[in-house]
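Reproduced below: start-v4.txt, with compact mmCIF, N, CA and C atoms.
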# COMPACT_ATOMS: atom_id res chain seq x y z
N MET A 1 74.74 76.55 103.76
CA MET A 1 76.05 76.64 103.14
C MET A 1 76.41 78.11 102.94
N PRO A 2 77.62 78.51 103.37
CA PRO A 2 78.00 79.92 103.24
C PRO A 2 78.18 80.32 101.77
N VAL A 3 77.87 81.55 101.50
CA VAL A 3 77.99 82.08 100.15
C VAL A 3 79.37 82.74 100.03
N LYS A 4 80.09 82.38 98.99
CA LYS A 4 81.41 82.94 98.77
C LYS A 4 81.27 84.13 97.83
N VAL A 5 81.71 85.29 98.31
CA VAL A 5 81.64 86.51 97.51
C VAL A 5 83.04 86.80 96.98
N ILE A 6 83.13 86.98 95.68
CA ILE A 6 84.42 87.30 95.07
C ILE A 6 84.40 88.76 94.68
N ILE A 7 85.30 89.51 95.29
CA ILE A 7 85.45 90.92 94.97
C ILE A 7 86.42 91.01 93.80
N PRO A 8 86.07 91.70 92.71
CA PRO A 8 86.94 91.72 91.53
C PRO A 8 88.38 92.12 91.84
N ALA A 9 88.58 93.11 92.68
CA ALA A 9 89.95 93.54 92.99
C ALA A 9 90.72 92.42 93.66
N MET A 10 90.06 91.64 94.52
CA MET A 10 90.73 90.56 95.22
C MET A 10 91.01 89.41 94.26
N ALA A 11 90.14 89.18 93.29
CA ALA A 11 90.33 88.10 92.34
C ALA A 11 91.56 88.34 91.47
N GLU A 12 91.90 89.58 91.22
CA GLU A 12 93.05 89.92 90.42
C GLU A 12 94.34 89.96 91.24
N GLY A 13 94.28 89.60 92.51
CA GLY A 13 95.46 89.68 93.36
C GLY A 13 95.62 91.04 93.99
N ARG A 14 94.63 91.87 93.85
CA ARG A 14 94.69 93.22 94.41
C ARG A 14 93.79 93.25 95.63
N GLY A 15 93.98 94.22 96.46
CA GLY A 15 93.15 94.35 97.65
C GLY A 15 93.57 95.55 98.44
N ASP A 16 93.43 95.45 99.72
CA ASP A 16 93.75 96.56 100.60
C ASP A 16 95.26 96.63 100.79
N THR A 17 95.89 97.58 100.11
CA THR A 17 97.35 97.71 100.20
C THR A 17 97.77 98.93 101.00
N HIS A 18 97.09 100.04 100.82
CA HIS A 18 97.46 101.29 101.47
C HIS A 18 96.28 101.81 102.29
N SER A 19 96.59 102.54 103.33
CA SER A 19 95.57 103.03 104.26
C SER A 19 95.54 104.56 104.27
N VAL A 20 94.34 105.10 104.24
CA VAL A 20 94.19 106.56 104.36
C VAL A 20 94.72 107.02 105.72
N LEU A 21 94.45 106.25 106.76
CA LEU A 21 94.92 106.60 108.11
C LEU A 21 96.44 106.69 108.17
N ILE A 22 97.13 105.69 107.60
CA ILE A 22 98.59 105.74 107.58
C ILE A 22 99.05 106.91 106.72
N GLY A 23 98.34 107.17 105.63
CA GLY A 23 98.66 108.31 104.79
C GLY A 23 98.62 109.62 105.55
N TYR A 24 97.57 109.79 106.37
CA TYR A 24 97.47 111.02 107.17
C TYR A 24 98.53 111.06 108.27
N LEU A 25 98.86 109.90 108.84
CA LEU A 25 99.93 109.86 109.84
C LEU A 25 101.25 110.32 109.21
N LEU A 26 101.53 109.82 108.01
CA LEU A 26 102.76 110.23 107.32
C LEU A 26 102.65 111.67 106.83
N TRP A 27 101.44 112.14 106.58
CA TRP A 27 101.23 113.53 106.15
C TRP A 27 101.70 114.51 107.22
N ILE A 28 101.57 114.11 108.49
CA ILE A 28 102.05 114.97 109.57
C ILE A 28 103.52 115.31 109.34
N PHE A 29 104.26 114.34 108.77
CA PHE A 29 105.66 114.57 108.41
C PHE A 29 105.76 114.93 106.92
N GLY A 30 104.70 115.48 106.39
CA GLY A 30 104.56 115.73 104.96
C GLY A 30 105.59 116.64 104.35
N PHE A 31 106.17 117.51 105.13
CA PHE A 31 107.21 118.37 104.59
C PHE A 31 108.40 117.55 104.12
N THR A 32 108.49 116.27 104.54
CA THR A 32 109.55 115.38 104.07
C THR A 32 109.11 114.60 102.84
N GLY A 33 107.84 114.68 102.48
CA GLY A 33 107.32 113.95 101.33
C GLY A 33 106.99 112.50 101.62
N SER A 34 107.06 112.07 102.87
CA SER A 34 106.88 110.65 103.19
C SER A 34 105.53 110.11 102.76
N HIS A 35 104.46 110.90 102.87
CA HIS A 35 103.14 110.41 102.45
C HIS A 35 103.09 110.22 100.94
N ARG A 36 103.79 111.04 100.19
CA ARG A 36 103.81 110.90 98.73
C ARG A 36 104.61 109.66 98.33
N PHE A 37 105.72 109.40 98.99
CA PHE A 37 106.46 108.16 98.74
C PHE A 37 105.58 106.96 99.05
N TYR A 38 104.87 107.02 100.17
CA TYR A 38 104.01 105.92 100.61
C TYR A 38 102.97 105.57 99.56
N PHE A 39 102.38 106.56 98.93
CA PHE A 39 101.34 106.31 97.93
C PHE A 39 101.92 106.10 96.53
N GLY A 40 103.23 105.89 96.42
CA GLY A 40 103.83 105.54 95.15
C GLY A 40 104.10 106.71 94.24
N ARG A 41 104.40 107.86 94.80
CA ARG A 41 104.69 109.06 94.03
C ARG A 41 106.10 109.57 94.39
N PRO A 42 107.14 108.83 93.94
CA PRO A 42 108.50 109.17 94.37
C PRO A 42 109.03 110.50 93.83
N VAL A 43 108.65 110.87 92.62
CA VAL A 43 109.17 112.13 92.06
C VAL A 43 108.64 113.31 92.87
N SER A 44 107.32 113.36 93.08
CA SER A 44 106.79 114.47 93.87
C SER A 44 107.21 114.36 95.33
N GLY A 45 107.42 113.14 95.83
CA GLY A 45 107.94 112.98 97.19
C GLY A 45 109.31 113.60 97.34
N THR A 46 110.15 113.42 96.34
CA THR A 46 111.48 114.03 96.37
C THR A 46 111.40 115.54 96.29
N ILE A 47 110.50 116.04 95.45
CA ILE A 47 110.30 117.50 95.36
C ILE A 47 109.82 118.04 96.70
N TRP A 48 108.88 117.35 97.34
CA TRP A 48 108.38 117.77 98.66
C TRP A 48 109.52 117.75 99.67
N PHE A 49 110.39 116.73 99.58
CA PHE A 49 111.51 116.62 100.52
C PHE A 49 112.44 117.83 100.41
N PHE A 50 112.81 118.20 99.19
CA PHE A 50 113.78 119.27 99.01
C PHE A 50 113.18 120.68 99.10
N THR A 51 111.84 120.81 99.00
CA THR A 51 111.21 122.13 99.08
C THR A 51 110.34 122.29 100.32
N LEU A 52 110.45 121.32 101.24
CA LEU A 52 109.63 121.32 102.47
C LEU A 52 108.14 121.40 102.12
N GLY A 53 107.72 120.49 101.26
CA GLY A 53 106.30 120.43 100.90
C GLY A 53 105.86 121.64 100.10
N LEU A 54 106.70 122.03 99.14
CA LEU A 54 106.45 123.25 98.35
C LEU A 54 106.19 124.43 99.29
N LEU A 55 107.08 124.56 100.25
CA LEU A 55 107.03 125.62 101.27
C LEU A 55 105.72 125.58 102.07
N GLY A 56 105.20 124.38 102.25
CA GLY A 56 104.00 124.20 103.07
C GLY A 56 102.69 124.28 102.30
N ILE A 57 102.70 124.89 101.13
CA ILE A 57 101.46 125.04 100.37
C ILE A 57 101.01 123.69 99.81
N GLY A 58 101.93 122.96 99.18
CA GLY A 58 101.60 121.63 98.66
C GLY A 58 101.23 120.68 99.78
N TRP A 59 101.88 120.84 100.91
CA TRP A 59 101.58 120.00 102.07
C TRP A 59 100.13 120.19 102.51
N LEU A 60 99.65 121.43 102.55
CA LEU A 60 98.25 121.69 102.92
C LEU A 60 97.28 121.18 101.87
N ILE A 61 97.61 121.33 100.60
CA ILE A 61 96.74 120.82 99.53
C ILE A 61 96.62 119.30 99.63
N ASP A 62 97.72 118.64 100.00
CA ASP A 62 97.70 117.18 100.12
C ASP A 62 96.72 116.69 101.17
N LEU A 63 96.38 117.52 102.11
CA LEU A 63 95.38 117.15 103.11
C LEU A 63 94.10 116.67 102.42
N PHE A 64 93.76 117.28 101.30
CA PHE A 64 92.55 116.93 100.57
C PHE A 64 92.80 115.88 99.48
N LEU A 65 94.04 115.71 99.06
CA LEU A 65 94.36 114.77 97.98
C LEU A 65 94.65 113.35 98.46
N ILE A 66 94.85 113.16 99.75
CA ILE A 66 95.23 111.84 100.26
C ILE A 66 94.21 110.75 99.91
N PRO A 67 92.89 110.96 100.04
CA PRO A 67 91.97 109.89 99.64
C PRO A 67 92.13 109.47 98.17
N TRP A 68 92.36 110.43 97.29
CA TRP A 68 92.58 110.11 95.87
C TRP A 68 93.88 109.33 95.68
N MET A 69 94.95 109.75 96.38
CA MET A 69 96.22 109.05 96.27
C MET A 69 96.10 107.62 96.77
N GLU A 70 95.31 107.41 97.81
CA GLU A 70 95.10 106.06 98.35
C GLU A 70 94.40 105.18 97.33
N ARG A 71 93.34 105.68 96.69
CA ARG A 71 92.62 104.90 95.67
C ARG A 71 93.54 104.56 94.50
N SER A 72 94.37 105.49 94.11
CA SER A 72 95.32 105.27 93.02
C SER A 72 96.32 104.17 93.39
N ALA A 73 96.83 104.21 94.61
CA ALA A 73 97.80 103.20 95.06
C ALA A 73 97.15 101.82 95.15
N GLU A 74 95.89 101.77 95.55
CA GLU A 74 95.18 100.49 95.64
C GLU A 74 95.11 99.80 94.28
N ARG A 75 94.99 100.58 93.22
CA ARG A 75 94.91 100.01 91.87
C ARG A 75 96.26 99.56 91.34
N ARG A 76 97.34 100.13 91.85
CA ARG A 76 98.66 99.87 91.28
C ARG A 76 99.45 98.76 91.96
N TYR A 77 99.14 98.44 93.22
CA TYR A 77 99.98 97.52 93.96
C TYR A 77 99.21 96.28 94.38
N VAL A 78 99.94 95.19 94.61
CA VAL A 78 99.36 93.88 94.90
C VAL A 78 99.39 93.60 96.40
N ALA A 79 98.23 93.26 96.95
CA ALA A 79 98.15 92.88 98.36
C ALA A 79 98.66 91.45 98.53
N GLY A 80 99.08 91.14 99.73
CA GLY A 80 99.57 89.80 99.98
C GLY A 80 100.12 89.65 101.38
N HIS A 81 101.05 88.73 101.50
CA HIS A 81 101.62 88.37 102.79
C HIS A 81 102.35 89.53 103.46
N VAL A 82 103.09 90.30 102.69
CA VAL A 82 103.84 91.43 103.25
C VAL A 82 102.94 92.66 103.24
N ASP A 83 102.75 93.27 104.38
CA ASP A 83 101.84 94.40 104.53
C ASP A 83 102.57 95.71 104.24
N TYR A 84 102.02 96.48 103.30
CA TYR A 84 102.63 97.77 102.94
C TYR A 84 102.68 98.72 104.13
N ASN A 85 101.63 98.75 104.92
CA ASN A 85 101.55 99.69 106.04
C ASN A 85 102.65 99.44 107.06
N VAL A 86 102.86 98.18 107.41
CA VAL A 86 103.92 97.84 108.37
C VAL A 86 105.28 98.19 107.78
N ALA A 87 105.49 97.82 106.52
CA ALA A 87 106.78 98.10 105.88
C ALA A 87 107.07 99.60 105.86
N TRP A 88 106.05 100.41 105.54
CA TRP A 88 106.27 101.86 105.47
C TRP A 88 106.47 102.50 106.84
N ILE A 89 105.76 102.03 107.84
CA ILE A 89 105.97 102.57 109.19
C ILE A 89 107.40 102.25 109.66
N LEU A 90 107.84 101.00 109.40
CA LEU A 90 109.19 100.62 109.78
C LEU A 90 110.24 101.44 109.02
N LEU A 91 110.02 101.65 107.72
CA LEU A 91 110.96 102.45 106.94
C LEU A 91 111.00 103.89 107.43
N THR A 92 109.84 104.48 107.67
CA THR A 92 109.79 105.88 108.06
C THR A 92 110.45 106.14 109.40
N PHE A 93 110.21 105.27 110.37
CA PHE A 93 110.71 105.54 111.72
C PHE A 93 111.99 104.78 112.09
N LEU A 94 112.27 103.65 111.41
CA LEU A 94 113.45 102.86 111.76
C LEU A 94 114.29 102.50 110.54
N GLY A 95 114.11 103.23 109.46
CA GLY A 95 114.77 102.91 108.20
C GLY A 95 116.28 102.90 108.28
N PHE A 96 116.86 103.78 109.07
CA PHE A 96 118.32 103.84 109.17
C PHE A 96 118.90 102.59 109.83
N PHE A 97 118.06 101.84 110.54
CA PHE A 97 118.51 100.61 111.19
C PHE A 97 118.15 99.37 110.38
N GLY A 98 117.50 99.53 109.23
CA GLY A 98 117.19 98.42 108.34
C GLY A 98 116.07 97.51 108.80
N VAL A 99 115.28 97.94 109.77
CA VAL A 99 114.22 97.08 110.31
C VAL A 99 113.21 96.70 109.22
N HIS A 100 112.90 97.62 108.33
CA HIS A 100 111.96 97.32 107.24
C HIS A 100 112.51 96.23 106.32
N ARG A 101 113.82 96.19 106.14
CA ARG A 101 114.45 95.17 105.30
C ARG A 101 114.34 93.80 105.96
N PHE A 102 114.51 93.74 107.28
CA PHE A 102 114.31 92.48 107.98
C PHE A 102 112.86 92.02 107.80
N TYR A 103 111.92 92.95 107.90
CA TYR A 103 110.50 92.61 107.78
C TYR A 103 110.17 92.01 106.40
N ILE A 104 110.74 92.55 105.34
CA ILE A 104 110.41 92.03 104.01
C ILE A 104 111.30 90.85 103.60
N GLY A 105 112.14 90.39 104.53
CA GLY A 105 112.92 89.18 104.30
C GLY A 105 114.27 89.39 103.66
N LYS A 106 114.75 90.60 103.63
CA LYS A 106 116.07 90.88 103.04
C LYS A 106 117.07 91.06 104.18
N TRP A 107 117.46 89.92 104.77
CA TRP A 107 118.27 89.92 105.98
C TRP A 107 119.67 90.49 105.77
N LEU A 108 120.31 90.15 104.68
CA LEU A 108 121.68 90.63 104.47
C LEU A 108 121.73 92.15 104.35
N THR A 109 120.85 92.73 103.55
CA THR A 109 120.86 94.19 103.44
C THR A 109 120.34 94.83 104.72
N GLY A 110 119.49 94.13 105.46
CA GLY A 110 119.05 94.62 106.76
C GLY A 110 120.23 94.77 107.71
N LEU A 111 121.09 93.74 107.74
CA LEU A 111 122.29 93.81 108.57
C LEU A 111 123.23 94.91 108.09
N LEU A 112 123.36 95.03 106.76
CA LEU A 112 124.21 96.08 106.20
C LEU A 112 123.70 97.47 106.60
N TYR A 113 122.39 97.68 106.52
CA TYR A 113 121.80 98.96 106.93
C TYR A 113 122.05 99.19 108.43
N LEU A 114 121.94 98.14 109.21
CA LEU A 114 122.10 98.26 110.66
C LEU A 114 123.49 98.75 111.03
N VAL A 115 124.52 98.23 110.39
CA VAL A 115 125.89 98.62 110.75
C VAL A 115 126.38 99.87 110.03
N THR A 116 125.67 100.31 108.97
CA THR A 116 126.11 101.50 108.23
C THR A 116 125.10 102.64 108.28
N LEU A 117 124.11 102.52 109.19
CA LEU A 117 123.03 103.51 109.28
C LEU A 117 122.38 103.74 107.91
N GLY A 118 121.88 102.65 107.36
CA GLY A 118 121.18 102.74 106.09
C GLY A 118 122.09 103.14 104.96
N ILE A 119 123.32 102.62 104.99
CA ILE A 119 124.37 102.99 104.04
C ILE A 119 124.43 104.51 103.94
N LEU A 120 124.57 105.09 105.13
CA LEU A 120 124.70 106.54 105.30
C LEU A 120 123.53 107.32 104.72
N GLY A 121 122.34 106.72 104.77
CA GLY A 121 121.12 107.41 104.34
C GLY A 121 120.78 107.22 102.88
N LEU A 122 121.74 106.88 102.04
CA LEU A 122 121.44 106.70 100.62
C LEU A 122 120.56 105.47 100.37
N GLY A 123 120.78 104.41 101.12
CA GLY A 123 119.95 103.22 100.99
C GLY A 123 118.53 103.48 101.43
N VAL A 124 118.38 104.30 102.45
CA VAL A 124 117.04 104.65 102.92
C VAL A 124 116.31 105.46 101.85
N LEU A 125 117.01 106.39 101.24
CA LEU A 125 116.42 107.17 100.15
C LEU A 125 116.02 106.25 98.99
N TYR A 126 116.87 105.29 98.66
CA TYR A 126 116.55 104.31 97.62
C TYR A 126 115.28 103.55 97.99
N ASP A 127 115.16 103.16 99.26
CA ASP A 127 113.98 102.41 99.69
C ASP A 127 112.72 103.27 99.67
N PHE A 128 112.84 104.57 99.95
CA PHE A 128 111.68 105.44 99.82
C PHE A 128 111.18 105.43 98.38
N TRP A 129 112.09 105.37 97.43
CA TRP A 129 111.72 105.34 96.01
C TRP A 129 111.14 104.00 95.60
N THR A 130 111.60 102.88 96.18
CA THR A 130 111.29 101.56 95.63
C THR A 130 110.52 100.62 96.55
N LEU A 131 110.22 100.99 97.77
CA LEU A 131 109.62 100.04 98.70
C LEU A 131 108.29 99.48 98.20
N ASN A 132 107.43 100.30 97.62
CA ASN A 132 106.16 99.79 97.11
C ASN A 132 106.36 98.70 96.07
N SER A 133 107.27 98.90 95.15
CA SER A 133 107.50 97.88 94.12
C SER A 133 108.17 96.64 94.71
N GLN A 134 109.05 96.82 95.71
CA GLN A 134 109.66 95.66 96.36
C GLN A 134 108.61 94.79 97.03
N VAL A 135 107.70 95.43 97.76
CA VAL A 135 106.65 94.68 98.46
C VAL A 135 105.70 94.04 97.45
N SER A 136 105.35 94.77 96.40
CA SER A 136 104.45 94.24 95.38
C SER A 136 105.06 93.00 94.71
N GLU A 137 106.34 93.05 94.39
CA GLU A 137 107.01 91.90 93.79
C GLU A 137 107.02 90.70 94.73
N LEU A 138 107.31 90.94 96.01
CA LEU A 138 107.30 89.85 96.99
C LEU A 138 105.90 89.23 97.09
N ASN A 139 104.87 90.06 97.11
CA ASN A 139 103.51 89.55 97.22
C ASN A 139 103.12 88.76 95.97
N LEU A 140 103.56 89.20 94.80
CA LEU A 140 103.28 88.44 93.56
C LEU A 140 103.98 87.09 93.59
N GLU A 141 105.25 87.07 94.02
CA GLU A 141 106.00 85.81 94.08
C GLU A 141 105.35 84.82 95.03
N ARG A 142 104.91 85.30 96.17
CA ARG A 142 104.33 84.41 97.18
C ARG A 142 102.94 83.95 96.82
N SER A 143 102.27 84.67 95.92
CA SER A 143 100.92 84.27 95.55
C SER A 143 100.92 83.19 94.46
N ARG A 144 102.07 82.95 93.85
CA ARG A 144 102.15 81.94 92.77
C ARG A 144 102.29 80.55 93.31

In structure tokens, how does this file's structure come out?
Amino acid sequence: MPVKVIIPAMAEGRGDTHSVLIGYLLWIFGFTGSHRFYFGRPVSGTIWFFTLGLLGIGWLIDLFLIPWMERSAERRYVAGHVDYNVAWILLTFLGFFGVHRFYIGKWLTGLLYLVTLGILGLGVLYDFWTLNSQVSELNLERSR
């Protein structure tokens, strides 16, 4: 008979939500703050966006901070049916077309983003700030 192992993080509805690899991929575009948004740090992500990664110095320091940011994000967000990594890749590269919104099941706003180029970029900025919580809420709803 197989032995069932319960990992405490998984028992609480938590699990693998964010990836160090995806974090480093987004870090390449770090002067935009995308890796900081990905790990749930919207305020510093916005600062990185407007200062080009603190003129590159903060961007280089983040090279060493990404593993810590990943562990922090793992504790804060809920794993589930909607994958954070897919949602963030879609937002980062296709956000102006609303593809990430289609992925998380928000079809109407996805269509709105598609015809307005992400509501002229403001909707995309909003999603950079809130995508982690949107996905976490969806995963909590579906786990009930």

Atomic separation - CA of Phe128 (chain A) relative to atom C of Phe31 (chain A), Å: 13.3 Å

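Among the candidates A:Val20, A:Leu63, A:Leu138, A:Ile47, the residue lying nearest to Gly33 (chain A) is A:Ile47 (atoms considered: only N, CA and C atoms).
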
Find the spatial neighbours of Asp83 (chain A), counting only C-alpha atoms, within a cut-off of 8 Å - ignore same-chain residues fewer than 4 positions away - and output them as a list in words. Thr17, Ala79, Ala87 and Val135 of chain A

What does the distance between CA of Ser34 (chain A) and CA of Thr109 (chain A) come to in Å, to one decimal place? 21.6 Å

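What separates atom N of Pro42 (chain A) from CA of Trp129 (chain A) is a distance of 6.1 Å.
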
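Nearest residue to Arg41 (chain A) among A:Ser143, A:Gly15, A:Ile28, A:Asn132 is A:Asn132, counting only C-alpha atoms.
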
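If you measure from each of A:Arg101, A:Lys106, A:Arg76, A:His81 to Asn139 (chain A) using only C-alpha atoms, the closest one turns out to be A:His81.
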
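Look at Phe49 (chain A): the protein and nucleic acid residues within 12 Å of it, using only C-alpha atoms and passing over chain neighbours fewer than 4 places away, are Phe29, Gly30, Phe31, Thr32, Gly33, Ser34, His35, Arg36, Phe37, Pro42, Val43, Ser44, Gly45, Gly53, Leu54, Leu55, Gly56, Gly58, Trp59, Leu125 and Phe128 of chain A.
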
Assuming 4 Å of padding per side, give the centre and edge lengths of the axis-aligned box around every listed atom of region 35-48 of chain A, in Å to one decimal and as lines of an AutoDock Vina configuration file.
center_x = 106.4
center_y = 111.8
center_z = 97.5
size_x = 18.1
size_y = 20.5
size_z = 18.8

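With only C-alpha atoms as the atoms that count, the minimum distance from His18 (chain A) to the choices A:Leu108, A:Leu120, A:Leu90, A:Met69 is reached by A:Met69.
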
Let's see if you can do this: from backbone DSSP, list all helix (DSSP H, G or I) residues in region 29-115 of chain A, as an NGL selection string. :A and (30-32 or 34-38 or 42-55 or 57-76 or 84-97 or 99-103 or 107-115)

Choose the residue, out of A:Ser19, A:Gly98, A:Gly118, A:Phe93, that has the smallest atom-to-atom separation from Arg71 (chain A); count only N, CA and C atoms. A:Ser19

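Residues having any atom no farther than 9 Å from (121.9, 97.8, 108.9) (counting only C-alpha atoms) are Gly95, Phe96, Phe97, Gly98, Val99, Arg101, Leu108, Thr109, Gly110, Leu111, Leu112, Tyr113, Leu114, Val115, Thr116, Leu117, Gly118 and Ile119 of chain A.
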
Limited to N, CA and C atoms, could you put the picked residues into a file as an mmCIF file, in the coordinates of the input?
data_model
loop_
_atom_site.group_PDB
_atom_site.id
_atom_site.type_symbol
_atom_site.label_atom_id
_atom_site.label_comp_id
_atom_site.auth_asym_id
_atom_site.auth_seq_id
_atom_site.Cartn_x
_atom_site.Cartn_y
_atom_site.Cartn_z
ATOM 1 N N GLY A 95 114.110 103.230 109.460
ATOM 2 C CA GLY A 95 114.770 102.910 108.200
ATOM 3 C C GLY A 95 116.280 102.900 108.280
ATOM 4 N N PHE A 96 116.860 103.780 109.070
ATOM 5 C CA PHE A 96 118.320 103.840 109.170
ATOM 6 C C PHE A 96 118.900 102.590 109.830
ATOM 7 N N PHE A 97 118.060 101.840 110.540
ATOM 8 C CA PHE A 97 118.510 100.610 111.190
ATOM 9 C C PHE A 97 118.150 99.370 110.380
ATOM 10 N N GLY A 98 117.500 99.530 109.230
ATOM 11 C CA GLY A 98 117.190 98.420 108.340
ATOM 12 C C GLY A 98 116.070 97.510 108.800
ATOM 13 N N VAL A 99 115.280 97.940 109.770
ATOM 14 C CA VAL A 99 114.220 97.080 110.310
ATOM 15 C C VAL A 99 113.210 96.700 109.220
ATOM 16 N N ARG A 101 113.820 96.190 106.140
ATOM 17 C CA ARG A 101 114.450 95.170 105.300
ATOM 18 C C ARG A 101 114.340 93.800 105.960
ATOM 19 N N LEU A 108 120.310 90.150 104.680
ATOM 20 C CA LEU A 108 121.680 90.630 104.470
ATOM 21 C C LEU A 108 121.730 92.150 104.350
ATOM 22 N N THR A 109 120.850 92.730 103.550
ATOM 23 C CA THR A 109 120.860 94.190 103.440
ATOM 24 C C THR A 109 120.340 94.830 104.720
ATOM 25 N N GLY A 110 119.490 94.130 105.460
ATOM 26 C CA GLY A 110 119.050 94.620 106.760
ATOM 27 C C GLY A 110 120.230 94.770 107.710
ATOM 28 N N LEU A 111 121.090 93.740 107.740
ATOM 29 C CA LEU A 111 122.290 93.810 108.570
ATOM 30 C C LEU A 111 123.230 94.910 108.090
ATOM 31 N N LEU A 112 123.360 95.030 106.760
ATOM 32 C CA LEU A 112 124.210 96.080 106.200
ATOM 33 C C LEU A 112 123.700 97.470 106.600
ATOM 34 N N TYR A 113 122.390 97.680 106.520
ATOM 35 C CA TYR A 113 121.800 98.960 106.930
ATOM 36 C C TYR A 113 122.050 99.190 108.430
ATOM 37 N N LEU A 114 121.940 98.140 109.210
ATOM 38 C CA LEU A 114 122.100 98.260 110.660
ATOM 39 C C LEU A 114 123.490 98.750 111.030
ATOM 40 N N VAL A 115 124.520 98.230 110.390
ATOM 41 C CA VAL A 115 125.890 98.620 110.750
ATOM 42 C C VAL A 115 126.380 99.870 110.030
ATOM 43 N N THR A 116 125.670 100.310 108.970
ATOM 44 C CA THR A 116 126.110 101.500 108.230
ATOM 45 C C THR A 116 125.100 102.640 108.280
ATOM 46 N N LEU A 117 124.110 102.520 109.190
ATOM 47 C CA LEU A 117 123.030 103.510 109.280
ATOM 48 C C LEU A 117 122.380 103.740 107.910
ATOM 49 N N GLY A 118 121.880 102.650 107.360
ATOM 50 C CA GLY A 118 121.180 102.740 106.090
ATOM 51 C C GLY A 118 122.090 103.140 104.960
ATOM 52 N N ILE A 119 123.320 102.620 104.990
ATOM 53 C CA ILE A 119 124.370 102.990 104.040
ATOM 54 C C ILE A 119 124.430 104.510 103.940
#

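Taking only C-alpha atoms into account, Pro67 (chain A) lies nearest to A:Ile22 out of the set A:Ile104, A:Leu52, A:Ile22, A:Ile89.
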